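Below is input.txt, which holds compact mmCIF, C-alpha atoms.
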```
# COMPACT_ATOMS: atom_id res chain seq x y z
CA MET A 1 27.80 23.14 53.58
CA LYS A 2 30.71 23.50 55.90
CA GLN A 3 33.27 26.24 56.21
CA ALA A 4 37.02 25.59 55.94
CA ARG A 5 39.92 27.87 56.81
CA ASN A 6 42.57 29.12 54.40
CA GLY A 7 45.74 30.26 56.15
CA LEU A 8 46.47 33.23 53.89
CA CYS A 9 45.71 36.83 54.79
CA ASN A 10 45.09 36.70 58.52
CA GLY A 11 43.03 33.54 58.41
CA LEU A 12 40.28 34.81 56.11
CA ALA A 13 38.03 31.81 55.71
CA PHE A 14 36.69 30.41 52.53
CA ALA A 15 34.79 27.20 51.94
CA LEU A 16 33.70 25.69 48.67
CA LEU A 17 31.20 22.93 48.15
CA LEU A 18 30.82 21.40 44.71
CA ALA A 19 27.09 20.92 44.30
CA ALA A 20 26.32 17.23 43.86
CA MET A 21 23.06 17.59 41.98
CA ALA A 22 23.32 15.06 39.16
CA GLY A 23 22.08 16.46 35.87
CA THR A 24 21.62 19.93 37.34
CA PHE A 25 25.04 21.14 38.46
CA ALA A 26 27.02 18.51 36.55
CA GLY A 27 29.31 19.84 33.87
CA SER A 28 28.52 17.00 31.46
CA ALA A 29 27.75 19.08 28.39
CA SER A 30 30.55 19.99 26.03
CA ALA A 31 31.13 23.60 25.10
CA GLN A 32 30.60 23.28 21.38
CA GLY A 33 32.27 26.16 19.62
CA LEU A 34 33.27 27.90 22.86
CA SER A 35 37.02 28.30 22.98
CA GLY A 36 39.09 31.36 23.76
CA THR A 37 42.45 31.20 22.03
CA GLN A 38 45.48 33.43 21.77
CA ARG A 39 48.09 32.72 19.13
CA GLN A 40 50.74 34.95 17.61
CA GLY A 41 49.47 37.99 19.49
CA THR A 42 45.88 37.82 18.24
CA VAL A 43 42.76 36.99 20.18
CA ALA A 44 39.28 35.68 19.48
CA PRO A 45 37.44 36.52 22.72
CA ILE A 46 34.28 34.68 23.77
CA PRO A 47 31.24 37.00 24.03
CA ILE A 48 29.87 36.29 27.52
CA ALA A 49 26.91 37.76 29.38
CA VAL A 50 27.08 38.22 33.17
CA PRO A 51 23.81 39.71 34.46
CA ASN A 52 23.69 41.05 38.01
CA PHE A 53 23.27 38.17 40.40
CA LEU A 54 20.04 37.76 42.34
CA GLY A 55 19.99 38.07 46.12
CA ASP A 56 18.68 39.67 49.27
CA ASP A 57 21.46 42.29 49.11
CA SER A 58 21.26 43.64 45.58
CA LYS A 59 24.44 45.70 45.83
CA LEU A 60 26.51 42.79 47.12
CA ALA A 61 25.13 40.48 44.42
CA ALA A 62 25.88 43.07 41.72
CA ASP A 63 29.39 43.66 43.08
CA ILE A 64 30.22 39.95 42.96
CA ALA A 65 28.95 39.70 39.39
CA GLY A 66 31.05 42.77 38.59
CA VAL A 67 34.22 41.14 39.93
CA LEU A 68 33.50 38.07 37.79
CA ALA A 69 32.84 40.08 34.62
CA SER A 70 35.92 42.24 35.18
CA ASP A 71 38.20 39.22 35.68
CA LEU A 72 37.03 37.63 32.45
CA GLN A 73 37.28 40.88 30.49
CA ARG A 74 40.82 41.62 31.69
CA SER A 75 42.02 38.15 30.67
CA GLY A 76 41.60 39.12 27.02
CA LEU A 77 39.91 35.79 26.28
CA PHE A 78 36.40 37.05 26.98
CA GLN A 79 34.25 39.98 25.91
CA SER A 80 31.90 40.88 28.76
CA LEU A 81 28.75 42.15 27.05
CA ASN A 82 27.08 45.42 28.06
CA PRO A 83 24.21 44.72 30.52
CA ALA A 84 22.17 47.45 28.77
CA SER A 85 21.86 45.10 25.79
CA PHE A 86 20.33 42.22 27.77
CA LEU A 87 16.80 41.32 26.61
CA GLU A 88 15.94 38.92 29.43
CA GLN A 89 15.95 39.84 33.10
CA ILE A 90 16.94 36.73 35.05
CA GLN A 91 14.36 35.98 37.76
CA ASP A 92 15.28 32.43 38.79
CA VAL A 93 18.72 30.81 38.50
CA ASN A 94 17.08 27.37 38.68
CA ARG A 95 15.12 27.95 35.49
CA ALA A 96 16.65 27.68 32.02
CA PRO A 97 17.17 31.10 30.41
CA ARG A 98 15.39 32.19 27.23
CA PHE A 99 18.25 31.32 24.93
CA PRO A 100 16.89 33.10 21.82
CA ASP A 101 17.12 36.38 23.76
CA TRP A 102 20.81 35.76 24.48
CA ARG A 103 21.56 34.56 20.95
CA ALA A 104 19.99 37.78 19.68
CA ILE A 105 22.70 39.84 21.41
CA ARG A 106 25.39 37.43 20.14
CA ALA A 107 26.28 35.96 23.53
CA ASP A 108 28.03 32.61 23.30
CA ALA A 109 28.03 31.99 27.06
CA LEU A 110 25.89 33.13 29.99
CA VAL A 111 26.61 33.12 33.74
CA VAL A 112 23.74 33.51 36.19
CA GLY A 113 23.96 33.46 39.98
CA LYS A 114 22.42 34.14 43.34
CA VAL A 115 23.91 35.50 46.58
CA LEU A 116 22.23 35.24 49.99
CA ARG A 117 23.20 36.44 53.46
CA GLN A 118 23.51 33.53 55.91
CA PRO A 119 22.09 33.50 59.49
CA ASP A 120 25.65 33.37 60.86
CA GLY A 121 26.59 36.55 58.96
CA GLY A 122 28.35 34.70 56.15
CA ILE A 123 27.52 34.60 52.46
CA GLY A 124 26.10 31.77 50.36
CA ALA A 125 26.34 31.88 46.59
CA GLU A 126 25.67 29.72 43.57
CA PHE A 127 26.14 30.09 39.84
CA ARG A 128 25.38 28.34 36.55
CA LEU A 129 27.30 28.59 33.29
CA TRP A 130 25.26 28.07 30.12
CA ASP A 131 26.27 27.42 26.51
CA VAL A 132 23.85 29.74 24.72
CA THR A 133 24.27 28.02 21.35
CA THR A 134 23.34 24.52 22.55
CA GLY A 135 21.17 25.55 25.49
CA LYS A 136 23.08 23.23 27.80
CA GLN A 137 24.51 23.87 31.23
CA LEU A 138 28.29 23.55 31.37
CA SER A 139 29.05 24.10 35.03
CA GLY A 140 27.57 25.11 38.37
CA GLN A 141 28.69 25.35 41.97
CA ARG A 142 27.67 26.56 45.40
CA PHE A 143 29.92 28.41 47.84
CA THR A 144 29.92 29.69 51.40
CA THR A 145 32.32 32.23 52.87
CA ILE A 146 32.66 34.81 55.59
CA ALA A 147 31.44 38.28 54.63
CA GLU A 148 34.94 39.78 54.30
CA ASN A 149 35.73 37.31 51.52
CA TRP A 150 32.95 38.32 49.16
CA ARG A 151 35.32 39.25 46.32
CA ARG A 152 36.74 35.73 46.31
CA ILE A 153 33.35 34.40 45.21
CA GLY A 154 33.66 36.42 42.00
CA HIS A 155 37.26 35.32 41.48
CA ILE A 156 36.54 31.62 42.03
CA ILE A 157 33.55 31.67 39.69
CA ALA A 158 35.75 33.39 37.12
CA ASP A 159 38.31 30.61 37.51
CA GLN A 160 35.62 27.98 36.93
CA VAL A 161 34.29 29.75 33.83
CA TYR A 162 37.79 30.32 32.47
CA GLU A 163 38.74 26.68 32.87
CA ARG A 164 35.49 25.30 31.49
CA LEU A 165 35.58 27.45 28.35
CA THR A 166 39.32 27.57 27.59
CA GLY A 167 40.63 24.26 28.92
CA GLU A 168 43.26 26.13 30.98
CA LYS A 169 43.32 26.58 34.74
CA GLY A 170 42.22 30.01 35.90
CA TYR A 171 44.37 32.44 37.88
CA PHE A 172 41.93 34.93 39.37
CA ASP A 173 41.67 33.63 42.95
CA THR A 174 45.25 34.63 43.68
CA ARG A 175 47.22 37.38 45.36
CA VAL A 176 50.37 39.30 44.55
CA VAL A 177 53.02 40.42 47.01
CA TYR A 178 55.03 43.45 45.91
CA ILE A 179 57.02 46.49 47.02
CA ASP A 180 54.94 49.59 47.75
CA GLU A 181 56.96 52.75 47.00
CA THR A 182 56.20 56.24 48.30
CA GLY A 183 58.07 59.52 48.73
CA PRO A 184 60.49 61.50 46.55
CA LYS A 185 62.31 59.60 43.83
CA GLN A 186 65.70 59.90 45.52
CA LYS A 187 64.36 58.93 48.98
CA ARG A 188 61.74 56.28 48.30
CA VAL A 189 60.22 54.44 51.26
CA LYS A 190 59.76 50.79 50.32
CA ARG A 191 57.32 48.56 52.15
CA LEU A 192 56.15 45.01 51.66
CA ALA A 193 52.55 44.93 50.44
CA ILE A 194 49.99 42.40 49.25
CA MET A 195 46.91 42.67 47.03
CA ASP A 196 44.46 40.61 45.03
CA GLN A 197 45.63 39.90 41.48
CA ASP A 198 43.32 42.65 40.17
CA GLY A 199 44.80 45.26 42.53
CA ALA A 200 41.97 45.20 45.09
CA ASN A 201 42.39 44.76 48.85
CA ALA A 202 45.93 46.16 48.90
CA ARG A 203 47.49 46.33 52.35
CA LEU A 204 50.96 46.91 53.80
CA LEU A 205 53.00 44.15 55.47
CA SER A 206 55.87 46.30 56.75
CA ASN A 207 56.20 49.84 58.10
CA GLY A 208 59.00 51.14 55.89
CA ALA A 209 61.57 51.44 58.68
CA ASP A 210 63.88 49.03 56.82
CA LEU A 211 64.50 48.67 53.09
CA VAL A 212 62.84 45.53 51.72
CA LEU A 213 63.20 43.92 48.28
CA THR A 214 62.36 40.82 46.21
CA PRO A 215 59.41 39.23 48.05
CA ARG A 216 58.54 35.70 46.90
CA PHE A 217 55.65 33.37 47.81
CA SER A 218 56.00 29.88 49.21
CA PRO A 219 54.02 27.14 47.41
CA SER A 220 51.52 27.11 50.29
CA SER A 221 50.82 30.87 49.93
CA GLN A 222 51.21 31.18 53.71
CA GLN A 223 54.79 32.48 53.75
CA ILE A 224 56.94 34.86 51.79
CA ALA A 225 60.71 35.11 51.56
CA TYR A 226 62.26 38.51 50.98
CA MET A 227 65.42 40.53 51.39
CA SER A 228 65.75 43.19 54.09
CA TYR A 229 68.41 45.62 55.32
CA ALA A 230 67.07 45.47 58.89
CA THR A 231 70.55 44.67 60.27
CA GLY A 232 72.37 47.12 58.03
CA GLN A 233 73.24 44.58 55.35
CA PRO A 234 71.08 42.37 53.14
CA ARG A 235 69.60 39.32 54.83
CA VAL A 236 66.97 36.87 53.65
CA TYR A 237 63.87 36.75 55.86
CA MET A 238 60.70 34.68 55.94
CA MET A 239 57.32 36.07 57.02
CA ASN A 240 54.21 34.15 57.95
CA LEU A 241 51.35 36.04 56.32
CA GLU A 242 48.77 34.80 58.80
CA THR A 243 50.63 35.76 61.98
CA GLY A 244 53.01 38.44 60.68
CA GLN A 245 55.90 36.66 62.40
CA LYS A 246 59.25 36.90 60.63
CA GLU A 247 62.64 35.22 60.99
CA VAL A 248 66.10 35.39 59.44
CA VAL A 249 66.96 32.54 57.10
CA GLY A 250 70.40 31.62 58.41
CA ASP A 251 73.22 33.85 59.61
CA PHE A 252 75.83 34.14 56.91
CA PRO A 253 79.01 36.26 56.97
CA GLY A 254 78.27 37.85 53.59
CA MET A 255 75.20 39.38 52.00
CA THR A 256 72.34 37.10 51.02
CA PHE A 257 69.78 38.06 48.41
CA ALA A 258 67.40 36.88 45.65
CA PRO A 259 65.57 34.20 47.72
CA ARG A 260 63.07 31.78 46.21
CA PHE A 261 61.27 28.69 47.54
CA SER A 262 61.57 25.20 46.12
CA PRO A 263 58.38 23.73 44.59
CA ASP A 264 57.76 21.62 47.71
CA GLY A 265 58.34 24.57 50.03
CA GLN A 266 61.02 22.69 52.01
CA LYS A 267 64.02 24.64 50.71
CA ILE A 268 65.06 28.15 49.85
CA ILE A 269 67.56 28.93 47.11
CA MET A 270 69.46 32.21 47.24
CA SER A 271 72.65 34.00 46.33
CA LEU A 272 75.43 34.49 48.88
CA GLN A 273 78.15 37.08 48.35
CA GLU A 274 81.73 35.94 48.78
CA GLY A 275 84.61 38.31 48.04
CA GLY A 276 84.10 39.89 44.64
CA GLY A 277 81.52 37.40 43.50
CA SER A 278 78.47 35.48 44.61
CA SER A 279 77.36 31.86 44.45
CA ILE A 280 74.06 29.99 44.53
CA PHE A 281 73.25 28.22 47.79
CA GLU A 282 70.34 26.05 48.83
CA MET A 283 69.07 25.83 52.41
CA ASP A 284 66.93 23.02 53.81
CA LEU A 285 64.36 24.82 55.96
CA ARG A 286 63.91 21.81 58.25
CA SER A 287 67.56 21.13 59.11
CA ARG A 288 68.88 24.65 58.25
CA GLN A 289 71.74 22.95 56.44
CA THR A 290 73.13 24.74 53.38
CA ARG A 291 74.56 23.36 50.17
CA ARG A 292 76.64 25.22 47.60
CA LEU A 293 75.44 24.76 44.04
CA THR A 294 77.80 27.03 42.06
CA ASN A 295 81.40 27.97 42.64
CA VAL A 296 83.05 30.13 39.98
CA PRO A 297 85.54 32.55 41.61
CA GLU A 298 84.71 36.25 41.05
CA ALA A 299 81.60 35.40 39.01
CA ILE A 300 78.27 36.86 40.10
CA ASP A 301 75.74 34.02 40.13
CA THR A 302 72.31 35.16 41.28
CA GLY A 303 68.56 35.15 40.57
CA PRO A 304 68.00 31.38 40.92
CA SER A 305 64.62 29.79 40.17
CA TYR A 306 63.59 26.12 40.34
CA SER A 307 61.86 24.21 37.56
CA PRO A 308 58.34 23.09 38.57
CA ASP A 309 59.54 19.55 39.33
CA GLY A 310 62.48 20.83 41.38
CA GLY A 311 64.95 18.93 39.22
CA GLN A 312 66.65 21.95 37.61
CA ILE A 313 67.56 25.54 38.45
CA VAL A 314 67.90 28.54 36.16
CA PHE A 315 70.05 31.49 37.23
CA GLU A 316 71.91 34.47 35.82
CA SER A 317 75.68 34.75 35.75
CA ASP A 318 78.43 36.93 34.28
CA ARG A 319 80.94 34.05 34.32
CA GLU A 320 81.53 34.44 30.56
CA GLY A 321 81.81 38.23 30.63
CA THR A 322 78.17 39.39 30.37
CA GLN A 323 74.96 38.52 32.21
CA GLN A 324 73.50 35.38 30.66
CA LEU A 325 71.09 32.63 31.67
CA TYR A 326 72.28 29.20 32.77
CA VAL A 327 70.56 25.99 33.82
CA ILE A 328 71.96 23.41 36.21
CA LYS A 329 70.63 20.23 37.77
CA ALA A 330 69.33 20.58 41.32
CA ASP A 331 72.54 19.01 42.67
CA GLY A 332 74.66 21.71 40.98
CA SER A 333 75.93 19.55 38.12
CA GLY A 334 75.50 19.82 34.37
CA VAL A 335 75.67 23.58 33.95
CA ARG A 336 74.67 24.82 30.49
CA ARG A 337 74.13 28.26 29.03
CA ILE A 338 70.74 28.84 27.37
CA SER A 339 70.82 32.52 26.30
CA PHE A 340 72.87 33.58 23.27
CA GLY A 341 71.09 36.66 21.96
CA ASN A 342 72.38 40.23 22.06
CA GLY A 343 72.06 42.06 25.37
CA ARG A 344 72.26 41.17 29.05
CA TYR A 345 69.81 38.71 30.61
CA SER A 346 68.61 38.74 34.22
CA THR A 347 65.80 37.84 36.68
CA PRO A 348 64.94 34.41 35.19
CA VAL A 349 61.76 32.74 36.47
CA TRP A 350 60.64 29.25 35.46
CA SER A 351 57.02 28.91 34.34
CA PRO A 352 54.73 26.79 36.57
CA ARG A 353 54.05 24.69 33.45
CA GLY A 354 57.76 24.16 32.81
CA ASP A 355 57.55 25.21 29.16
CA TYR A 356 59.17 28.66 29.39
CA ILE A 357 61.58 30.74 31.43
CA ALA A 358 60.72 34.44 31.69
CA PHE A 359 63.53 36.99 31.91
CA THR A 360 64.51 40.64 31.80
CA LYS A 361 66.83 41.67 28.96
CA GLN A 362 68.77 44.91 28.67
CA LEU A 363 69.58 45.89 25.09
CA MET A 364 70.58 49.27 23.64
CA GLY A 365 69.21 51.23 26.58
CA ARG A 366 65.89 49.38 26.65
CA PHE A 367 64.59 46.84 29.12
CA LEU A 368 62.70 43.94 27.60
CA ILE A 369 60.49 41.26 29.16
CA GLY A 370 60.74 37.97 27.29
CA VAL A 371 60.44 34.21 27.45
CA ILE A 372 62.71 31.41 26.29
CA GLN A 373 62.36 27.65 26.28
CA PRO A 374 64.51 25.73 28.81
CA ASP A 375 66.66 24.38 25.97
CA GLY A 376 67.44 27.93 24.80
CA GLN A 377 65.12 27.85 21.80
CA GLY A 378 62.15 30.05 20.96
CA GLU A 379 63.16 33.34 22.57
CA ARG A 380 60.36 35.90 22.27
CA ILE A 381 60.02 39.46 23.56
CA LEU A 382 56.64 40.26 25.14
CA SER A 383 57.11 43.87 26.24
CA GLU A 384 59.69 46.62 26.20
CA GLY A 385 60.12 50.00 27.86
CA PHE A 386 62.54 52.46 29.40
CA HIS A 387 62.83 50.26 32.48
CA ASN A 388 60.94 46.96 32.53
CA GLU A 389 61.99 44.35 35.06
CA GLY A 390 61.06 41.49 37.38
CA PRO A 391 58.64 39.12 35.61
CA THR A 392 56.46 36.78 37.69
CA TRP A 393 54.14 34.03 36.46
CA ALA A 394 50.44 33.49 37.09
CA PRO A 395 49.92 29.97 38.46
CA ASN A 396 48.53 28.77 35.12
CA GLY A 397 51.71 29.83 33.30
CA ARG A 398 49.87 31.89 30.70
CA VAL A 399 50.09 35.43 32.10
CA LEU A 400 53.01 37.46 33.44
CA MET A 401 53.27 40.48 35.70
CA PHE A 402 56.29 42.79 35.77
CA PHE A 403 57.05 46.37 36.71
CA ARG A 404 57.90 49.35 34.53
CA GLU A 405 59.26 52.77 35.31
CA GLU A 406 59.07 55.49 32.67
CA ARG A 407 61.69 58.16 32.12
CA GLY A 408 61.14 61.37 34.09
CA GLN A 409 61.78 63.16 37.38
CA ASN A 410 58.43 62.52 39.07
CA THR A 411 57.76 59.06 37.72
CA GLY A 412 57.75 55.77 39.59
CA PRO A 413 57.30 52.07 38.90
CA ARG A 414 53.95 50.54 38.02
CA ILE A 415 52.94 46.90 37.79
CA TYR A 416 51.74 45.56 34.45
CA SER A 417 50.37 42.25 33.21
CA VAL A 418 50.76 40.71 29.77
CA ASP A 419 49.67 37.49 28.11
CA ILE A 420 52.27 34.90 27.13
CA THR A 421 51.76 35.85 23.48
CA GLY A 422 52.59 39.51 24.18
CA TYR A 423 48.91 40.41 23.83
CA ASN A 424 46.69 42.32 26.27
CA GLU A 425 49.25 44.35 28.21
CA GLN A 426 47.62 46.47 30.91
CA VAL A 427 48.43 48.25 34.14
CA VAL A 428 47.49 46.76 37.53
CA LYS A 429 46.26 49.64 39.68
CA THR A 430 47.92 50.08 43.08
CA PRO A 431 47.51 52.80 45.75
CA ALA A 432 51.09 54.04 45.25
CA PHE A 433 54.05 53.28 43.04
CA ALA A 434 54.74 49.54 42.99
CA SER A 435 57.57 47.21 41.95
CA ASP A 436 58.87 43.66 42.19
CA PRO A 437 55.58 41.71 42.03
CA ALA A 438 55.40 37.99 42.90
CA TRP A 439 52.29 35.96 42.10
CA SER A 440 50.83 33.47 44.58
CA PRO A 441 49.55 29.98 43.76
CA LEU A 442 45.78 29.53 43.55
CA LEU A 443 44.25 30.02 46.99
CA ASN A 444 41.41 27.50 46.80
```
Turn this file's structure into structure tokens for me.
Amino acid sequence: MKQARNGLCNGLAFALLLAAMAGTFAGSASAQGLSGTQRQGTVAPIPIAVPNFLGDDSKLAADIAGVLASDLQRSGLFQSLNPASFLEQIQDVNRAPRFPDWRAIRADALVVGKVLRQPDGGIGAEFRLWDVTTGKQLSGQRFTTIAENWRRIGHIIADQVYERLTGEKGYFDTRVVYIDETGPKQKRVKRLAIMDQDGANARLLSNGADLVLTPRFSPSSQQIAYMSYATGQPRVYMMNLETGQKEVVGDFPGMTFAPRFSPDGQKIIMSLQEGGGSSIFEMDLRSRQTRRLTNVPEAIDTGPSYSPDGGQIVFESDREGTQQLYVIKADGSGVRRISFGNGRYSTPVWSPRGDYIAFTKQLMGRFLIGVIQPDGQGERILSEGFHNEGPTWAPNGRVLMFFREERGQNTGPRIYSVDITGYNEQVVKTPAFASDPAWSPLLN
């Protein structure tokens, strides 16, 4: 096994080696009857058993298994069974389990694993996924990593299990950049922060000296774009997450805000204020040349987001009197309105799969999080509250995060996640109040 570097989060290393043991770690068996599905807000979760992993550091092995089980449970597609019900105590991951014991507790799937400390101080791990009904192995892999990355082992195994049993890509080995908020409600200090998708490993990226807003990941996960008032007026900045170095994206006479990267990471799209309105501009990060994409005098065009193929852009605009959603081609032509429901639409974000656009909708004093198809059909509301805002997509396009602030003097925003069906809404725990989340691509 060799170790490879990932540029995110101060160069934390992670290496993965698919085990090439034909017939042993090959995922050749089909998962007969194992399928987690969510339709129309209902769920049929897969009962799955995750015993504590074996290893020379029992606490570390148990913690990694715990991360795995927690990821699967929180997805809503799996029911992690209570370890107290387990009839067999796994002694050897290379030996087939006693499947009748696992069928007896109604487990459909079983994950076993082993974690060992390496001579160089790193961690080696392996796992096997079993179909309890057929008694066949569905997947297995080996991993090495530096010690600080131990949680990523659990997340990556969870991704493998999720994909093998649902047919969808996982989203657990990811991070979320957001705005950490502290202090009194009228004098909040807002800092850039980053965390794992489950809320662990949260850390600050800025000191709070300057107001920061709307952080967004690049496709490589190594940079973020965000808005800052460091110069006294809004400017779009880029930060390298590995080095902490930051730079201004262009020097424009007006305010720039709502930045977002193109799918290839070579451009940034943003809104530039001009007079009483604002227009959508695109900047090539290599040449630093800008191109205007919208030009409707006095209209406020903002919140742009590319389609996954980079061929189209969705944005919000009040050009027809109220905030609505519009789609244009990447060259600025062919504008068309896609939202026609009651209320005001904002913060559109195109799904990584291209099938939906998420949005915030304000209607009768409520803030709604919803999705709509790119042709304007199929609008659905997933969540509502006193103040919901700022949806962001998981990289598999099947889960959203957003932030919500409840009514009250001492309240603050919290980050929530919800499935695309509107099922399984839950809070993502953060050290302080938190807003404006943005989900990274998969890290591995």
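Across the model, the gap from CA of Val212 (chain A) to CA of Arg288 (chain A) is 22.7 Å.
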Contacts between region 433-441 of chain A and region 193-289 of chain A, please, where a residue of region 193-289 of chain A counts if it comes within 6 Å (with only C-alpha atoms); show its shortest atom pair and distance in Å to one decimal, rows by chain and ascending number, as CSV.
```
residue,atom,partner,partner_atom,distance
A:Arg216,CA,A:Ala438,CA,5.6
A:Phe217,CA,A:Ser440,CA,5.8
A:Ser221,CA,A:Ser440,CA,5.9
```
Dump as a PDB file, keeping the file's coordinate frame, selection limited to C-alpha atoms:
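And here is the file that came out, selection.pdb:
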```pdb
ATOM      1  CA  ARG A 216      58.540  35.700  46.900  1.00  0.00           C
ATOM      2  CA  PHE A 217      55.650  33.370  47.810  1.00  0.00           C
ATOM      3  CA  SER A 221      50.820  30.870  49.930  1.00  0.00           C
TER       4      SER A 221
END
```
May I have the protein, DNA and RNA residues with an atom at most 7 Å from (71.1, 28.0, 47.1), counting all atoms listed in the file in the file's coordinates, returned as a ChimeraX atom specification? /A:268-271,280-283,291-293
Compile the contact shell of Ile179 (chain A) as a count of residues only: residues with an atom at most 12 Å away, counting all atoms listed in the file, same-chain residues fewer than 4 positions apart removed. 40
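Neighbours of Pro352 (chain A) closer than or equal to 12 Å, with only C-alpha atoms counted and sequence neighbours fewer than 3 positions away skipped, come out as A:Lys169, A:Tyr171, A:Pro219, A:Ser262, A:Pro263, A:Ser305, A:Tyr306, A:Ser307, A:Pro308, A:Asp309, A:Gly310, A:Val349, A:Asp355, A:Tyr356, A:Ile357, A:Ala358, A:Thr392, A:Trp393, A:Ala394, A:Pro395, A:Asn396, A:Gly397, A:Arg398, A:Val399, A:Leu400, A:Trp439, A:Ser440, A:Pro441, A:Leu442.
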With distances taken over all atoms listed in the file, the candidate from A:Glu88, A:Asp210, A:Asp196, A:Glu247 nearest Gln223 (chain A) is A:Glu247
Take region 147-173 of chain A from the preceding structure and save C-alpha atoms as an mmCIF file, in the first residue's frame.
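Done, and the output landed in part10.cif:
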```cif
data_model
loop_
_atom_site.group_PDB
_atom_site.id
_atom_site.type_symbol
_atom_site.label_atom_id
_atom_site.label_comp_id
_atom_site.auth_asym_id
_atom_site.auth_seq_id
_atom_site.Cartn_x
_atom_site.Cartn_y
_atom_site.Cartn_z
ATOM 1 C CA ALA A 147 -3.577 8.885 12.324
ATOM 2 C CA GLU A 148 -5.312 12.285 12.211
ATOM 3 C CA ASN A 149 -7.566 11.040 9.419
ATOM 4 C CA TRP A 150 -9.101 8.130 11.291
ATOM 5 C CA ARG A 151 -12.676 9.425 10.924
ATOM 6 C CA ARG A 152 -12.333 9.392 7.146
ATOM 7 C CA ILE A 153 -11.989 5.607 7.247
ATOM 8 C CA GLY A 154 -15.509 5.371 8.690
ATOM 9 C CA HIS A 155 -16.860 7.869 6.157
ATOM 10 C CA ILE A 156 -15.296 6.143 3.145
ATOM 11 C CA ILE A 157 -16.537 2.723 4.231
ATOM 12 C CA ALA A 158 -19.984 4.251 4.679
ATOM 13 C CA ASP A 159 -19.794 5.606 1.132
ATOM 14 C CA GLN A 160 -18.901 2.150 -0.192
ATOM 15 C CA VAL A 161 -21.738 0.475 1.702
ATOM 16 C CA TYR A 162 -24.220 3.159 0.672
ATOM 17 C CA GLU A 163 -23.322 2.837 -2.999
ATOM 18 C CA ARG A 164 -23.276 -0.960 -3.022
ATOM 19 C CA LEU A 165 -26.689 -1.297 -1.368
ATOM 20 C CA THR A 166 -28.576 1.659 -2.854
ATOM 21 C CA GLY A 167 -27.017 2.109 -6.291
ATOM 22 C CA GLU A 168 -26.359 5.794 -5.509
ATOM 23 C CA LYS A 169 -23.004 7.424 -4.824
ATOM 24 C CA GLY A 170 -22.360 8.129 -1.159
ATOM 25 C CA TYR A 171 -21.754 11.583 0.321
ATOM 26 C CA PHE A 172 -20.175 10.936 3.711
ATOM 27 C CA ASP A 173 -16.506 11.598 2.931
#
```
